[in-house]
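Note: the block below is final-v5.txt and it holds compact mmCIF, C-alpha atoms and all ligand atoms.
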```txt
# COMPACT_ATOMS: atom_id res chain seq x y z
CA MET G 29 22.44 -13.36 149.10
CA LYS G 30 21.49 -16.91 148.13
CA ILE G 31 21.69 -17.68 144.42
CA LYS G 32 19.24 -20.36 143.33
CA TYR G 33 19.61 -22.35 140.18
CA GLY G 34 17.93 -25.07 138.12
CA MET G 35 19.29 -27.60 135.69
CA VAL G 36 18.20 -29.20 132.43
CA GLY G 37 19.98 -32.50 131.71
CA GLY G 38 22.69 -33.91 133.95
CA ASP G 39 20.89 -36.77 135.66
CA LEU G 40 23.05 -38.76 138.07
CA SER G 41 24.21 -41.19 135.34
CA ALA G 42 25.30 -38.42 132.95
CA PHE G 43 28.83 -37.00 132.67
CA ILE G 44 28.96 -33.25 132.88
CA GLY G 45 25.88 -32.33 134.94
CA GLU G 46 27.42 -33.60 138.16
CA VAL G 47 30.63 -31.69 137.42
CA HIS G 48 28.57 -28.48 137.18
CA ARG G 49 26.82 -29.19 140.49
CA LYS G 50 30.09 -29.96 142.28
CA ALA G 51 31.68 -26.83 140.80
CA ILE G 52 28.77 -24.60 141.85
CA GLY G 53 29.14 -26.16 145.29
CA PHE G 54 32.52 -24.40 145.56
CA VAL G 55 30.68 -21.05 145.46
CA ASP G 56 29.19 -19.76 148.74
CA ASP G 57 25.45 -19.62 149.27
CA THR G 58 24.13 -21.38 146.18
CA GLU G 59 21.28 -23.90 145.96
CA LEU G 60 19.88 -26.24 143.34
CA VAL G 61 16.09 -25.81 143.60
CA SER G 62 14.56 -27.05 140.35
CA GLY G 63 15.25 -29.25 137.38
CA CYS G 64 14.38 -31.45 134.48
CA PHE G 65 17.43 -33.70 134.70
CA SER G 66 16.45 -36.22 132.04
CA GLU G 67 13.90 -36.99 129.35
CA ASP G 68 13.65 -40.33 131.17
CA LEU G 69 11.05 -39.96 133.93
CA LYS G 70 12.73 -42.43 136.30
CA LYS G 71 16.16 -40.81 136.00
CA ASN G 72 14.63 -37.36 136.40
CA THR G 73 12.76 -38.31 139.58
CA HIS G 74 15.75 -40.18 141.00
CA THR G 75 18.11 -37.23 140.50
CA ALA G 76 15.57 -34.73 141.83
CA GLY G 77 15.06 -36.93 144.92
CA TYR G 78 18.81 -37.19 145.49
CA TYR G 79 19.07 -33.41 145.52
CA HIS G 80 15.89 -32.90 147.62
CA ILE G 81 14.14 -30.93 144.88
CA CYS G 82 10.47 -30.53 145.75
CA LYS G 83 7.90 -32.27 143.48
CA GLU G 84 6.44 -28.95 142.36
CA ARG G 85 9.82 -27.94 140.90
CA THR G 86 10.72 -31.30 139.34
CA TYR G 87 9.55 -30.85 135.77
CA GLN G 88 8.71 -33.45 133.13
CA ASN G 89 10.12 -31.37 130.31
CA TYR G 90 12.19 -28.22 129.90
CA GLN G 91 9.37 -26.24 128.23
CA LEU G 92 7.20 -26.66 131.34
CA MET G 93 10.18 -25.83 133.55
CA ALA G 94 10.90 -22.57 131.70
CA THR G 95 7.25 -21.45 131.77
CA LYS G 96 6.58 -22.41 135.38
CA GLU G 97 9.87 -20.99 136.69
CA GLY G 98 9.26 -17.80 134.71
CA GLN G 99 5.90 -17.34 136.49
CA ARG G 100 7.31 -17.66 140.01
CA ASP G 101 8.17 -14.69 142.22
CA ASP G 102 11.12 -16.73 143.49
CA LYS G 103 12.20 -17.99 140.08
CA ILE G 104 15.67 -19.45 139.67
CA ASP G 105 18.51 -16.97 139.17
CA PHE G 106 20.01 -19.08 136.40
CA VAL G 107 19.59 -22.35 134.58
CA VAL G 108 22.37 -24.78 133.65
CA ILE G 109 21.93 -26.57 130.30
CA ALA G 110 23.81 -29.90 130.34
CA THR G 111 22.00 -31.85 127.63
CA PRO G 112 23.37 -33.16 124.32
CA ASN G 113 24.06 -30.44 121.75
CA PHE G 114 20.85 -30.58 119.68
CA LEU G 115 18.77 -29.27 122.58
CA HIS G 116 20.94 -26.30 123.61
CA TYR G 117 19.31 -23.74 121.30
CA GLU G 118 15.67 -24.52 122.13
CA ILE G 119 16.31 -24.78 125.86
CA ALA G 120 18.39 -21.59 126.03
CA LYS G 121 15.75 -19.69 124.05
CA ALA G 122 12.93 -20.92 126.29
CA PHE G 123 14.68 -19.66 129.44
CA ILE G 124 15.89 -16.39 127.90
CA ASN G 125 12.28 -15.66 126.92
CA GLU G 126 11.31 -16.05 130.59
CA GLY G 127 14.03 -13.61 131.65
CA ILE G 128 16.15 -16.37 133.26
CA ASN G 129 19.96 -16.21 133.06
CA VAL G 130 21.68 -19.09 131.27
CA VAL G 131 24.83 -21.17 131.63
CA CYS G 132 25.01 -23.45 128.59
CA GLU G 133 27.35 -26.23 127.62
CA LYS G 134 29.39 -26.00 124.43
CA PRO G 135 29.00 -26.10 121.51
CA LEU G 136 26.39 -23.38 121.93
CA CYS G 137 24.06 -24.69 119.20
CA PHE G 138 23.95 -26.13 115.67
CA THR G 139 23.84 -23.14 113.29
CA VAL G 140 25.42 -19.70 113.15
CA GLU G 141 21.94 -18.22 112.73
CA GLU G 142 20.74 -19.84 115.95
CA ALA G 143 23.84 -18.61 117.79
CA LYS G 144 23.30 -15.05 116.55
CA GLU G 145 19.69 -15.22 117.65
CA LEU G 146 20.65 -16.38 121.16
CA LYS G 147 23.17 -13.53 121.41
CA LYS G 148 20.62 -10.95 120.22
CA LEU G 149 17.84 -12.24 122.48
CA SER G 150 20.07 -12.37 125.53
CA GLU G 151 21.24 -8.80 124.92
CA GLU G 152 17.65 -7.58 124.47
CA LYS G 153 16.55 -9.29 127.69
CA ASN G 154 19.68 -8.43 129.73
CA ILE G 155 20.49 -12.07 130.28
CA LEU G 156 23.85 -12.99 131.80
CA PHE G 157 24.86 -15.83 129.49
CA ALA G 158 27.91 -18.07 129.99
CA VAL G 159 29.16 -20.93 127.82
CA THR G 160 31.26 -23.43 129.74
CA TYR G 161 34.56 -23.61 127.91
CA THR G 162 36.10 -25.29 130.93
CA TYR G 163 39.79 -24.80 130.30
CA SER G 164 39.70 -21.02 130.54
CA GLY G 165 38.81 -21.58 134.20
CA TYR G 166 42.20 -23.09 135.08
CA SER G 167 44.24 -20.81 137.26
CA MET G 168 47.46 -21.23 135.22
CA VAL G 169 45.62 -20.64 131.94
CA LYS G 170 44.59 -17.31 133.45
CA TYR G 171 48.19 -16.65 134.45
CA ALA G 172 49.41 -17.46 130.92
CA LYS G 173 46.91 -14.89 129.65
CA GLU G 174 48.31 -12.29 132.08
CA LEU G 175 51.91 -12.99 131.05
CA ILE G 176 51.12 -12.65 127.35
CA LYS G 177 49.08 -9.49 127.96
CA ASP G 178 52.08 -8.06 129.87
CA ASN G 179 54.35 -8.72 126.88
CA LYS G 180 56.41 -11.41 128.65
CA ILE G 181 56.79 -13.39 125.42
CA GLY G 182 56.87 -10.36 123.11
CA ASP G 183 55.03 -10.46 119.79
CA ILE G 184 53.38 -13.78 119.09
CA LEU G 185 55.00 -15.62 116.18
CA ASN G 186 53.18 -18.93 116.21
CA VAL G 187 50.64 -21.08 118.10
CA TYR G 188 50.52 -24.85 118.34
CA ALA G 189 47.53 -26.40 120.11
CA GLU G 190 46.46 -30.00 120.28
CA TYR G 191 43.64 -31.87 121.99
CA PRO G 192 44.16 -35.60 121.52
CA GLN G 193 42.00 -38.18 123.30
CA ASP G 194 41.76 -41.93 122.75
CA TRP G 195 38.33 -42.97 124.07
CA LEU G 196 36.83 -43.57 120.61
CA ILE G 197 39.61 -45.77 119.21
CA SER G 198 37.24 -48.76 118.94
CA ALA G 199 35.08 -46.75 116.51
CA VAL G 200 37.86 -46.94 113.91
CA SER G 201 37.16 -50.65 113.52
CA LYS G 202 33.65 -50.72 112.07
CA GLU G 203 32.71 -53.99 113.76
CA ALA G 204 33.33 -52.61 117.24
CA SER G 205 30.78 -50.30 118.76
CA PRO G 206 32.22 -48.19 121.55
CA ALA G 207 30.74 -49.17 124.89
CA ASN G 208 30.32 -45.61 126.04
CA LEU G 209 27.18 -43.68 126.81
CA SER G 210 28.57 -40.55 125.16
CA ILE G 211 28.34 -42.23 121.76
CA TRP G 212 25.53 -39.80 120.79
CA ARG G 213 28.47 -37.62 119.79
CA LEU G 214 28.77 -39.61 116.53
CA ASN G 215 25.12 -39.03 115.58
CA PRO G 216 24.69 -35.83 113.50
CA GLU G 217 21.07 -35.40 114.62
CA VAL G 218 22.22 -35.11 118.24
CA SER G 219 25.76 -33.82 117.89
CA GLY G 220 25.53 -31.46 114.89
CA ILE G 221 27.76 -31.26 111.81
CA THR G 222 30.88 -32.30 113.76
CA ASN G 223 31.90 -34.69 116.48
CA ALA G 224 35.53 -34.15 117.52
CA VAL G 225 35.72 -30.57 116.26
CA GLY G 226 32.58 -29.52 118.16
CA ASP G 227 33.41 -31.54 121.24
CA ILE G 228 37.08 -30.72 121.76
CA GLY G 229 38.20 -28.59 118.78
CA THR G 230 36.03 -25.77 120.13
CA HIS G 231 37.95 -25.94 123.41
CA ILE G 232 41.15 -25.29 121.44
CA GLU G 233 39.52 -22.44 119.50
CA TYR G 234 38.26 -20.69 122.65
CA THR G 235 41.21 -21.35 124.98
CA VAL G 236 43.80 -20.11 122.47
CA LYS G 237 41.71 -16.98 121.93
CA TYR G 238 41.40 -16.53 125.70
CA ILE G 239 45.13 -16.88 126.39
CA THR G 240 46.50 -14.95 123.42
CA GLY G 241 43.77 -12.46 122.48
CA LEU G 242 44.34 -13.47 118.86
CA LYS G 243 41.25 -13.36 116.65
CA LEU G 244 40.77 -16.07 114.04
CA LYS G 245 40.51 -14.93 110.44
CA ARG G 246 40.45 -18.14 108.41
CA VAL G 247 40.98 -21.87 108.59
CA GLN G 248 42.04 -24.79 106.42
CA ALA G 249 40.97 -28.24 107.61
CA LYS G 250 41.14 -31.94 106.85
CA LEU G 251 38.84 -34.22 108.83
CA ASN G 252 38.91 -38.01 109.19
CA ARG G 253 35.66 -39.89 109.73
CA PHE G 254 36.89 -43.50 109.51
CA GLY G 255 33.62 -44.71 108.00
CA HIS G 256 31.35 -42.72 110.34
CA GLN G 257 29.17 -39.74 109.44
CA LEU G 258 31.12 -37.41 111.72
CA ASP G 259 34.80 -36.70 112.34
CA LEU G 260 37.03 -38.50 114.86
CA ASN G 261 40.19 -36.60 113.95
CA ALA G 262 40.87 -33.12 112.54
CA ASN G 263 44.02 -31.31 111.45
CA MET G 264 43.65 -27.58 111.03
CA LEU G 265 45.82 -24.71 109.90
CA VAL G 266 44.60 -21.31 111.09
CA GLU G 267 45.44 -17.71 110.37
CA TYR G 268 44.68 -14.91 112.81
CA GLU G 269 43.61 -11.39 111.87
CA ASN G 270 47.16 -10.07 112.45
CA GLY G 271 48.63 -12.53 109.94
CA VAL G 272 50.16 -14.91 112.52
CA ASN G 273 49.39 -18.57 111.87
CA GLY G 274 48.79 -21.57 114.08
CA THR G 275 48.20 -25.30 113.98
CA TYR G 276 45.33 -27.08 115.75
CA TRP G 277 44.86 -30.83 116.04
CA CYS G 278 42.02 -32.63 117.79
CA SER G 279 41.47 -36.36 117.87
CA GLN G 280 39.53 -38.98 119.79
CA VAL G 281 41.57 -41.85 118.34
CA ALA G 282 45.08 -40.88 119.49
CA LEU G 283 46.17 -43.81 121.62
CA GLY G 284 48.17 -42.87 124.67
CA HIS G 285 46.44 -39.53 125.17
CA PRO G 286 43.46 -39.74 127.56
CA ASN G 287 42.85 -36.01 127.59
CA GLY G 288 46.03 -34.40 126.26
CA PHE G 289 44.99 -30.80 125.70
CA LYS G 290 48.17 -28.77 125.25
CA ILE G 291 48.75 -25.20 124.14
CA ARG G 292 52.11 -23.73 123.11
CA VAL G 293 52.53 -20.07 122.23
CA TYR G 294 55.81 -18.80 120.78
CA GLY G 295 56.84 -15.15 120.79
CA THR G 296 59.81 -12.92 120.02
CA ASN G 297 60.98 -12.83 123.69
CA GLY G 298 59.79 -16.14 125.02
CA SER G 299 57.31 -18.98 124.88
CA ILE G 300 54.63 -20.45 127.11
CA SER G 301 53.15 -23.92 127.23
CA TRP G 302 50.31 -25.34 129.31
CA PHE G 303 49.25 -28.99 129.50
CA GLN G 304 45.86 -29.86 130.96
CA GLU G 305 47.04 -33.13 132.52
CA THR G 306 49.49 -31.15 134.70
CA PRO G 307 47.35 -28.01 134.95
CA ASP G 308 49.00 -26.38 137.96
CA TYR G 309 52.11 -25.59 135.91
CA ILE G 310 53.14 -23.61 132.90
CA MET G 311 56.54 -23.79 131.24
CA TYR G 312 57.99 -20.39 130.43
CA SER G 313 61.09 -20.00 128.28
CA SER G 314 62.75 -16.64 127.92
CA VAL G 315 64.92 -15.34 125.10
CA ASP G 316 68.08 -15.81 127.22
CA GLY G 317 67.62 -19.59 127.06
CA ILE G 318 66.24 -20.18 130.56
CA THR G 319 63.16 -22.38 130.94
CA SER G 320 61.17 -22.06 134.18
CA LYS G 321 58.41 -24.22 135.56
CA LEU G 322 55.88 -21.81 137.04
CA ILE G 323 53.47 -23.13 139.66
CA ARG G 324 49.93 -22.15 140.61
CA GLY G 325 49.73 -20.37 143.94
CA ALA G 326 53.32 -19.05 143.95
CA ASP G 327 53.91 -15.47 145.16
CA TYR G 328 54.81 -14.28 141.66
CA VAL G 329 51.40 -15.30 140.24
CA TYR G 330 49.02 -12.35 139.84
CA GLY G 331 45.71 -11.34 138.30
CA ASN G 332 42.51 -13.39 138.45
CA SER G 333 44.72 -16.45 138.67
CA LYS G 334 45.71 -15.36 142.19
CA VAL G 335 42.24 -14.24 143.21
CA LEU G 336 40.64 -17.55 142.28
CA ASN G 337 43.17 -19.79 144.06
CA LYS G 338 41.63 -22.17 146.53
CA THR G 339 44.45 -24.31 147.89
CA PRO G 340 48.13 -23.63 148.64
CA LYS G 341 50.63 -24.42 145.89
CA GLY G 342 51.54 -28.05 145.50
CA HIS G 343 48.02 -29.22 146.39
CA PRO G 344 46.74 -29.99 142.89
CA GLU G 345 43.67 -28.20 141.55
CA GLY G 346 41.89 -29.75 138.60
CA TYR G 347 38.79 -30.03 136.45
CA HIS G 348 36.21 -29.25 139.13
CA GLU G 349 38.13 -26.21 140.33
CA ALA G 350 38.42 -24.91 136.76
CA PHE G 351 34.66 -25.18 136.35
CA ALA G 352 34.25 -23.61 139.79
CA ASN G 353 36.39 -20.62 138.76
CA ILE G 354 34.03 -19.95 135.86
CA TYR G 355 31.06 -20.21 138.22
CA LYS G 356 32.69 -18.10 140.92
CA THR G 357 33.07 -15.20 138.51
CA TYR G 358 29.65 -15.71 136.87
CA ILE G 359 27.76 -15.95 140.19
CA ASN G 360 29.65 -13.03 141.72
CA THR G 361 28.65 -10.94 138.70
CA LEU G 362 25.05 -12.10 138.99
CA ARG G 363 25.04 -10.98 142.64
CA LYS G 364 26.47 -7.59 141.68
CA ILE G 365 23.79 -7.14 139.01
CA LYS G 366 21.05 -8.04 141.50
CA ASN G 367 22.51 -5.51 143.96
CA ASN G 368 22.87 -2.81 141.29
CA GLU G 369 26.60 -2.67 141.96
CA GLU G 370 29.12 -1.25 139.51
CA LEU G 371 30.58 -3.87 137.19
CA LEU G 372 34.28 -4.13 136.28
CA GLU G 373 35.91 -5.69 133.23
CA SER G 374 37.18 -8.57 135.42
CA ASP G 375 33.56 -9.41 136.30
CA TYR G 376 33.17 -10.69 132.75
CA ASP G 377 36.11 -13.10 132.94
CA PHE G 378 34.01 -16.07 131.80
CA PRO G 379 33.12 -17.31 128.29
CA SER G 380 30.11 -15.43 126.94
CA VAL G 381 27.37 -16.05 124.39
CA SER G 382 29.54 -14.16 121.85
CA ASP G 383 32.29 -16.69 122.48
CA GLY G 384 29.73 -19.44 121.95
CA LEU G 385 28.78 -17.85 118.61
CA GLU G 386 32.44 -17.75 117.54
CA GLY G 387 32.74 -21.43 118.40
CA VAL G 388 29.82 -22.26 116.10
CA GLU G 389 31.35 -20.11 113.33
CA PHE G 390 34.61 -22.03 113.75
CA ILE G 391 32.84 -25.40 113.42
CA HIS G 392 31.11 -24.32 110.20
CA ALA G 393 34.29 -22.92 108.67
CA VAL G 394 36.19 -26.13 109.45
CA VAL G 395 33.53 -28.34 107.86
CA LYS G 396 33.23 -26.08 104.82
CA SER G 397 36.99 -26.23 104.28
CA ASP G 398 37.08 -30.00 104.62
CA LYS G 399 34.20 -30.40 102.15
CA ASN G 400 36.04 -28.24 99.61
CA ASP G 401 39.36 -30.00 99.46
CA SER G 402 40.74 -28.12 102.46
CA ILE G 403 40.59 -24.62 100.97
CA TRP G 404 40.98 -21.55 103.19
CA VAL G 405 37.59 -20.49 104.60
CA ASN G 406 37.01 -17.16 106.31
CA ILE G 407 35.51 -17.67 109.77
CA LYS G 408 32.96 -14.87 109.36
CA GLU G 409 31.57 -16.02 106.01
CA THR G 410 30.28 -19.45 106.74
CA GLU G 411 26.49 -19.03 106.73
N1 LIG G 501 32.70 -28.25 129.05
C1 LIG G 501 33.17 -29.47 129.01
O1 LIG G 501 34.33 -29.70 129.34
C2 LIG G 501 32.25 -30.60 128.60
C3 LIG G 501 32.59 -31.93 128.89
C4 LIG G 501 31.67 -32.94 128.55
C5 LIG G 501 30.49 -32.61 127.91
N2 LIG G 501 30.22 -31.32 127.59
C6 LIG G 501 28.98 -30.95 126.91
O2 LIG G 501 27.91 -31.20 127.82
C7 LIG G 501 26.76 -31.66 127.14
C8 LIG G 501 26.30 -32.97 127.73
O3 LIG G 501 27.33 -33.94 127.57
P1 LIG G 501 27.43 -35.24 128.52
O4 LIG G 501 28.69 -35.90 128.16
O5 LIG G 501 27.16 -34.88 129.94
O6 LIG G 501 26.21 -36.09 127.93
P2 LIG G 501 25.44 -37.27 128.65
O7 LIG G 501 24.85 -38.08 127.56
O8 LIG G 501 26.29 -37.95 129.68
O9 LIG G 501 24.27 -36.50 129.43
C9 LIG G 501 23.20 -35.85 128.80
C10 LIG G 501 22.09 -35.58 129.79
O10 LIG G 501 21.05 -34.86 129.14
C11 LIG G 501 19.80 -35.47 129.49
N3 LIG G 501 18.78 -35.18 128.48
C12 LIG G 501 18.71 -35.60 127.19
N4 LIG G 501 17.59 -35.13 126.60
C13 LIG G 501 16.94 -34.38 127.54
C14 LIG G 501 15.74 -33.63 127.55
N5 LIG G 501 14.94 -33.56 126.49
N6 LIG G 501 15.39 -32.99 128.70
C15 LIG G 501 16.16 -33.06 129.81
N7 LIG G 501 17.31 -33.78 129.86
C16 LIG G 501 17.70 -34.42 128.75
C17 LIG G 501 20.16 -36.96 129.60
O11 LIG G 501 19.15 -37.69 130.30
C18 LIG G 501 21.45 -36.87 130.37
O12 LIG G 501 21.19 -36.66 131.73
C19 LIG G 501 27.16 -31.74 125.66
O13 LIG G 501 26.73 -30.59 125.00
C20 LIG G 501 28.68 -31.79 125.69
O14 LIG G 501 29.28 -31.20 124.54
C21 LIG G 501 31.09 -30.33 127.94
```
Let me see whether you can do it: turn the structure in this file into structure tokens.
Ligand SMILES: NC(=O)c1ccc[n+]([C@@H]2O[C@H](COP(=O)([O-])OP(=O)(O)OC[C@H]3O[C@@H](n4cnc5c(N)ncnc54)[C@H](O)[C@@H]3O)[C@@H](O)[C@H]2O)c1
Amino acid sequence: MKIKYGMVGGDLSAFIGEVHRKAIGFVDDTELVSGCFSEDLKKNTHTAGYYHICKERTYQNYQLMATKEGQRDDKIDFVVIATPNFLHYEIAKAFINEGINVVCEKPLCFTVEEAKELKKLSEEKNILFAVTYTYSGYSMVKYAKELIKDNKIGDILNVYAEYPQDWLISAVSKEASPANLSIWRLNPEVSGITNAVGDIGTHIEYTVKYITGLKLKRVQAKLNRFGHQLDLNANMLVEYENGVNGTYWCSQVALGHPNGFKIRVYGTNGSISWFQETPDYIMYSSVDGITSKLIRGADYVYGNSKVLNKTPKGHPEGYHEAFANIYKTYINTLRKIKNNEELLESDYDFPSVSDGLEGVEFIHAVVKSDKNDSIWVNIKETE
């Protein structure tokens, strides 16, 4: 059964929209049939033309797209939202109200209230809602989750997770203005109350939760803005509901780290670490002192990690495949729902609207802590 989708944002000059389209292209029998790819008419028409979208389904704005698609008998099965953050809430709501399933970029929206509303509305309207926390799509991240679930590292004692980048280093010097299109991230009207924490800190928050199953209880944070309105660096101490603590660090001014997302989890019987720049591997150390380099695609790998493999081991899989793994599961589930087939727990192995809500709660707790001399702030009491 063909699954048809539309897209808001993600014109050909944008970053993440094209990644979504390439990733969906990994999934059989899918087609991009409608879109409002940019607020800029020229860019919108150009992108629509490139993807052979008919004129009737190339929309000038997302409101028109939601209404018109909602009225069609052959309306899109889902919409992808790949715009800057400030638009996520309004766009998601418009499509939910038309009964159209949503895949939305992170962070889900600006406020906890908005996030709760999106969750409630999507439940009321039976919307399958995914939030693209990319890194949970990596095959070896899934394997790390399996190993921890199967008690291979014992009880978790500590977590250390860092996401350093360096692309905004020129913003530290006030005279220099970074020559990068994504600079909207430093504008609170477009980005929200955080920059680095919302952009990459939320990836840490979700991916650690995904791998370990630990639930965040409270956070202590110190942000650095280097003369800007929003943060470029954040150091965070977290405590989980079971009393275990962890350390998170995200930065866009850490020279030498293009995209150095790394997670280390330490337990009573072993430890696991995963590094996104070598994503096909995890390092596993056991209590007897042996450290093993485990590789994606090996015979010993099991669970969804095995199911979602695309290429034999040693042929690197990366960012697009991780996105594709999220889409493979999401679209497969959509097909099952359309066919009235029974759903299994593994069908929901993608980040949900509830996960998006928890990301927004995390952002607000971090900012509240920073504003109050880095006091502990409970995640669930931020708005
Ligand atoms: N999951 C990830 O790993 C990941 C990575 C990068 C970005 N993102 C998220 O993706 C989103 C987009 O980021 P980006 O880096 O691609 O930004 P970008 O600036 O490169 O692209 C934004 C796109 O949105 C379009 N747009 C803006 N206003 C619009 C409107 N009113 N109607 C239709 N289109 C509109 C722009 O024309 C552009 O095509 C952000 O929320 C960001 O946090 C996620």
Please return as a JSON list (two decimals) with C-alpha atoms, in the frame of the given file the residues found within 6 Å of ligand LIG 501 (chain G), counting only C-alpha atoms and all ligand atoms.
```
[["chain", "number", "residue", "atom", "x", "y", "z"],
["G", 36, "VAL", "CA", 18.20, -29.20, 132.43],
["G", 37, "GLY", "CA", 19.98, -32.50, 131.71],
["G", 38, "GLY", "CA", 22.69, -33.91, 133.95],
["G", 39, "ASP", "CA", 20.89, -36.77, 135.66],
["G", 42, "ALA", "CA", 25.30, -38.42, 132.95],
["G", 43, "PHE", "CA", 28.83, -37.00, 132.67],
["G", 44, "ILE", "CA", 28.96, -33.25, 132.88],
["G", 45, "GLY", "CA", 25.88, -32.33, 134.94],
["G", 64, "CYS", "CA", 14.38, -31.45, 134.48],
["G", 65, "PHE", "CA", 17.43, -33.70, 134.70],
["G", 66, "SER", "CA", 16.45, -36.22, 132.04],
["G", 67, "GLU", "CA", 13.90, -36.99, 129.35],
["G", 89, "ASN", "CA", 10.12, -31.37, 130.31],
["G", 90, "TYR", "CA", 12.19, -28.22, 129.90],
["G", 110, "ALA", "CA", 23.81, -29.90, 130.34],
["G", 111, "THR", "CA", 22.00, -31.85, 127.63],
["G", 112, "PRO", "CA", 23.37, -33.16, 124.32],
["G", 113, "ASN", "CA", 24.06, -30.44, 121.75],
["G", 133, "GLU", "CA", 27.35, -26.23, 127.62],
["G", 134, "LYS", "CA", 29.39, -26.00, 124.43],
["G", 135, "PRO", "CA", 29.00, -26.10, 121.51],
["G", 160, "THR", "CA", 31.26, -23.43, 129.74],
["G", 161, "TYR", "CA", 34.56, -23.61, 127.91],
["G", 162, "THR", "CA", 36.10, -25.29, 130.93],
["G", 210, "SER", "CA", 28.57, -40.55, 125.16],
["G", 227, "ASP", "CA", 33.41, -31.54, 121.24]]
```
Set the distance at 12 Å and use all atoms listed in the file: which residues neighbour G:Leu92 once local chain neighbours fewer than 6 positions away are removed? I'd like the list as a list in words.
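My list of contacting residues is Val36, Ser62, Gly63, Cys64, Glu84, Arg85, Thr86, Gly98, Gln99, Ile119, Ala122, Phe123 and Glu126 of chain G.
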Given the choices G:Ile318, G:Ile197, G:Leu69, G:Val140, which gets closest to G:Phe254 if the distance is worked out from all atoms listed in the file?
G:Ile197
In Å to one decimal, how far is atom CA of G:Val394 from atom CA of G:Ala199?
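Calculated distance between atom CA of G:Ala199 and atom CA of G:Val394 is 21.8 Å.
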Which residue of G:Ile291, G:Ala352, G:Ile300, G:Ile221 approaches G:Ile391 most closely, using only C-alpha atoms:
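Using only C-alpha atoms, the shortest distance to G:Ile391 belongs to G:Ile221.
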With all atoms listed in the file as the counted atoms, please give the residues lying no more than 10 Å from G:Tyr166, apart from itself and same-chain residues fewer than 4 positions off, as number ranges by chain.
G: 162, 170-171, 304, 307-308, 324, 333, 336-337, 345-354
